[in-house]
Amino acid sequence: MSMLKYLIGLMLDGGVILGNKYLYDKKTVCPVCKKEFTYTKVRSSQLKVEERERDFYTKYKDGINPFFYEVIVCPNCGYAALESEFDRITNDKKEKILSLVTAKWVKREFSGERTPQKALEAYLLALYCSQIKEDKPIVFSKTCLRIAWIYRILNDKANEEKYLKYALDSYIKAYSGSDIYEEEVLLIYMIAELNRMLGNREEALKWYNKVINHPDRSRHNLIVNLARDGWQSLKE
Ligand SMILES: [Zn+2]
């Protein structure tokens, strides 16, 4: 086999195997424009963790980034949201999406394998729609944190920090708001961790302490241990 054929073979194999092994397509109906479309999901049972960072950004074997596919984008009208939030939209917000997003939308496809750039485009759209929908701060922080991860992958430090800061502000809003979160310990930990990443040492220590001394700490060993590590790293 010639070298060229061999290389082309590798490239084709890589693409096909990746597509078959981790990704599959699903159909849904858009709650805004009512049209059916296909989006791509990740087979999470196939994933093997390589490394997990302290803000839960996780590297998987074969370079697959499952969070790239957590945003669904309707190719017809441009409505985008995290999968868990996709069907949560009121009638008046649908009208707003139609006038603010769809009116300017150029039809394009988001199914299939996503590059970091394609994932970023999907997430920025979801963030814009989320603002229009006036989603809860926790949805906003989740979206911004994932945008920061994409910039981390792209080695864009300035934008990574910008979105970590947005995520932090929304986590604080979520914490001080009236909503009660089942995952309060995780929420407090994220506030501590993002403060540490952004260089706010005193704030980070204060929030790590809240995790370590939380009344529910015995049910959250993993997070409490991460908080202890974080606290320790700032004391050294
Ligand atoms: Zn639509």
# chains A, B, ... in the order shown; residues from 1 in each chain; ligands from 1
$ closest_atom_pairs --of "chain A" --to "ligand 1" --cutoff "12 Å" --atoms "only C-alpha atoms and all ligand atoms" --output "Markdown table"
| residue | atom | partner | partner_atom_place_in_ligand_line | distance |
| --- | --- | --- | --- | --- |
| A:Thr28 | CA | ligand 1 | 1 (Zn) | 10.1 |
| A:Val29 | CA | ligand 1 | 1 (Zn) | 7.7 |
| A:Cys30 | CA | ligand 1 | 1 (Zn) | 4.5 |
| A:Pro31 | CA | ligand 1 | 1 (Zn) | 6.6 |
| A:Val32 | CA | ligand 1 | 1 (Zn) | 5.1 |
| A:Cys33 | CA | ligand 1 | 1 (Zn) | 4.1 |
| A:Lys34 | CA | ligand 1 | 1 (Zn) | 6.2 |
| A:Lys35 | CA | ligand 1 | 1 (Zn) | 6.0 |
| A:Glu36 | CA | ligand 1 | 1 (Zn) | 8.1 |
| A:Phe37 | CA | ligand 1 | 1 (Zn) | 8.4 |
| A:Thr38 | CA | ligand 1 | 1 (Zn) | 11.3 |
| A:Ile72 | CA | ligand 1 | 1 (Zn) | 10.3 |
| A:Val73 | CA | ligand 1 | 1 (Zn) | 7.9 |
| A:Cys74 | CA | ligand 1 | 1 (Zn) | 4.6 |
| A:Pro75 | CA | ligand 1 | 1 (Zn) | 6.7 |
| A:Asn76 | CA | ligand 1 | 1 (Zn) | 5.1 |
| A:Cys77 | CA | ligand 1 | 1 (Zn) | 4.1 |
| A:Gly78 | CA | ligand 1 | 1 (Zn) | 6.1 |
| A:Tyr79 | CA | ligand 1 | 1 (Zn) | 5.6 |
| A:Ala80 | CA | ligand 1 | 1 (Zn) | 8.4 |
| A:Ala81 | CA | ligand 1 | 1 (Zn) | 11.1 |
| A:Phe86 | CA | ligand 1 | 1 (Zn) | 10.6 |
| A:Asp87 | CA | ligand 1 | 1 (Zn) | 11.2 |
| A:Lys94 | CA | ligand 1 | 1 (Zn) | 9.7 |
| A:Glu95 | CA | ligand 1 | 1 (Zn) | 11.8 |
| A:Ile97 | CA | ligand 1 | 1 (Zn) | 9.5 |
| A:Leu98 | CA | ligand 1 | 1 (Zn) | 8.9 |
| A:Val101 | CA | ligand 1 | 1 (Zn) | 10.2 |
| A:Thr102 | CA | ligand 1 | 1 (Zn) | 8.2 |
| A:Ala103 | CA | ligand 1 | 1 (Zn) | 11.8 |
| A:Trp105 | CA | ligand 1 | 1 (Zn) | 10.4 |
| A:Lys107 | CA | ligand 1 | 1 (Zn) | 10.2 |
| A:Arg108 | CA | ligand 1 | 1 (Zn) | 11.6 |
| A:Glu109 | CA | ligand 1 | 1 (Zn) | 11.9 |
$ residues_around --residues "segment 197-212 of chain A" --least-positions-apart "6" --cutoff "10 Å" --atoms "only C-alpha atoms" --output "ChimeraX atom specification"
/A:54-55,161-162,164-165,168,184-191,218,220-221,223-232,234-235
$ write_last_selection --atoms "C-alpha atoms" --output "PDB file, in the first residue's frame"
ATOM      1  CA  ARG A  54     -10.814  20.740  39.467  1.00  0.00           C
ATOM      2  CA  ASP A  55     -13.600  22.701  37.788  1.00  0.00           C
ATOM      3  CA  GLU A 161     -11.133  34.135  32.078  1.00  0.00           C
ATOM      4  CA  LYS A 162     -13.924  36.363  30.826  1.00  0.00           C
ATOM      5  CA  LEU A 164     -15.120  31.994  34.069  1.00  0.00           C
ATOM      6  CA  LYS A 165     -15.915  35.408  35.572  1.00  0.00           C
ATOM      7  CA  LEU A 168     -18.731  32.915  38.864  1.00  0.00           C
ATOM      8  CA  GLU A 184     -25.711  23.456  47.211  1.00  0.00           C
ATOM      9  CA  VAL A 185     -22.353  22.024  48.311  1.00  0.00           C
ATOM     10  CA  LEU A 186     -21.289  21.718  44.668  1.00  0.00           C
ATOM     11  CA  LEU A 187     -22.468  25.276  43.994  1.00  0.00           C
ATOM     12  CA  ILE A 188     -20.395  26.667  46.897  1.00  0.00           C
ATOM     13  CA  TYR A 189     -17.409  24.617  45.744  1.00  0.00           C
ATOM     14  CA  MET A 190     -17.678  26.067  42.228  1.00  0.00           C
ATOM     15  CA  ILE A 191     -17.690  29.605  43.678  1.00  0.00           C
ATOM     16  CA  SER A 218     -20.689  13.999  55.164  1.00  0.00           C
ATOM     17  CA  HIS A 220     -20.360  15.023  49.736  1.00  0.00           C
ATOM     18  CA  ASN A 221     -16.973  13.436  50.408  1.00  0.00           C
ATOM     19  CA  ILE A 223     -16.385  17.660  46.814  1.00  0.00           C
ATOM     20  CA  VAL A 224     -15.210  18.232  50.403  1.00  0.00           C
ATOM     21  CA  ASN A 225     -11.893  16.545  49.552  1.00  0.00           C
ATOM     22  CA  LEU A 226     -11.507  18.701  46.440  1.00  0.00           C
ATOM     23  CA  ALA A 227     -12.195  21.775  48.590  1.00  0.00           C
ATOM     24  CA  ARG A 228      -9.558  20.664  51.118  1.00  0.00           C
ATOM     25  CA  ASP A 229      -7.029  20.249  48.264  1.00  0.00           C
ATOM     26  CA  GLY A 230      -7.905  23.681  46.906  1.00  0.00           C
ATOM     27  CA  TRP A 231      -7.661  25.273  50.345  1.00  0.00           C
ATOM     28  CA  GLN A 232      -4.317  23.549  50.942  1.00  0.00           C
ATOM     29  CA  LEU A 234      -3.576  28.298  48.533  1.00  0.00           C
ATOM     30  CA  LYS A 235      -2.003  27.915  51.981  1.00  0.00           C
TER      31      LYS A 235
END
$ atom_distance --atom1 "atom CA of Tyr151 of chain A" --atom2 "atom CA of Lys173 of chain A"
23.4 Å
$ closest_residue --among "A:Lys41, A:Lys26, A:Lys136, A:Lys104" --to "Arg88 of chain A" --atoms "only C-alpha atoms"
A:Lys136
$ select_by_dssp --residues "segment 29-229 of chain A" --states "strand (DSSP E or B)" --output "number ranges by chain"
A: 29, 36-42, 49-52, 58-60, 71-73, 80-82
$ residues_around --residues "segment 140-149 of chain A" --least-positions-apart "2" --cutoff "9 Å" --atoms "only C-alpha atoms" --output "PDB file with C-alpha atoms, in the first residue's frame"
ATOM      1  CA  ASP A  55     -13.600  22.701  37.788  1.00  0.00           C
ATOM      2  CA  TYR A  57     -13.575  19.943  32.828  1.00  0.00           C
ATOM      3  CA  PHE A  67     -20.079  18.569  26.411  1.00  0.00           C
ATOM      4  CA  PHE A  68     -19.716  19.916  22.831  1.00  0.00           C
ATOM      5  CA  LEU A  82     -28.864  23.070  26.682  1.00  0.00           C
ATOM      6  CA  ALA A 119     -19.363  23.941  19.617  1.00  0.00           C
ATOM      7  CA  LEU A 120     -18.500  27.541  20.519  1.00  0.00           C
ATOM      8  CA  TYR A 123     -22.925  27.643  22.983  1.00  0.00           C
ATOM      9  CA  LEU A 124     -22.856  31.372  22.187  1.00  0.00           C
ATOM     10  CA  ALA A 126     -27.555  29.094  23.556  1.00  0.00           C
ATOM     11  CA  LEU A 127     -26.251  31.858  25.808  1.00  0.00           C
ATOM     12  CA  SER A 130     -30.873  31.926  27.498  1.00  0.00           C
ATOM     13  CA  GLN A 131     -30.651  35.675  28.090  1.00  0.00           C
ATOM     14  CA  ASP A 135     -33.262  31.550  32.470  1.00  0.00           C
ATOM     15  CA  LYS A 136     -32.231  30.934  36.054  1.00  0.00           C
ATOM     16  CA  PRO A 137     -28.665  31.996  36.984  1.00  0.00           C
ATOM     17  CA  ILE A 138     -27.638  28.338  37.353  1.00  0.00           C
ATOM     18  CA  TYR A 151     -11.663  28.697  25.099  1.00  0.00           C
ATOM     19  CA  ARG A 152      -9.313  26.618  27.294  1.00  0.00           C
ATOM     20  CA  ILE A 153      -9.166  23.986  24.547  1.00  0.00           C
ATOM     21  CA  LEU A 154      -8.484  26.782  22.029  1.00  0.00           C
ATOM     22  CA  LYS A 157      -6.725  32.661  27.984  1.00  0.00           C
ATOM     23  CA  ASN A 159     -11.765  34.732  26.776  1.00  0.00           C
ATOM     24  CA  GLU A 160     -11.503  31.753  29.115  1.00  0.00           C
ATOM     25  CA  GLU A 161     -11.133  34.135  32.078  1.00  0.00           C
ATOM     26  CA  LYS A 162     -13.924  36.363  30.826  1.00  0.00           C
ATOM     27  CA  TYR A 163     -16.379  33.444  30.780  1.00  0.00           C
ATOM     28  CA  LEU A 164     -15.120  31.994  34.069  1.00  0.00           C
ATOM     29  CA  LYS A 165     -15.915  35.408  35.572  1.00  0.00           C
ATOM     30  CA  TYR A 166     -19.446  35.379  34.060  1.00  0.00           C
ATOM     31  CA  ALA A 167     -19.958  31.855  35.412  1.00  0.00           C
ATOM     32  CA  LEU A 168     -18.731  32.915  38.864  1.00  0.00           C
ATOM     33  CA  ASP A 169     -21.037  35.961  38.989  1.00  0.00           C
ATOM     34  CA  SER A 170     -24.023  33.755  38.107  1.00  0.00           C
ATOM     35  CA  TYR A 171     -23.084  31.069  40.644  1.00  0.00           C
ATOM     36  CA  ALA A 174     -27.765  31.511  42.227  1.00  0.00           C
TER      37      ALA A 174
END
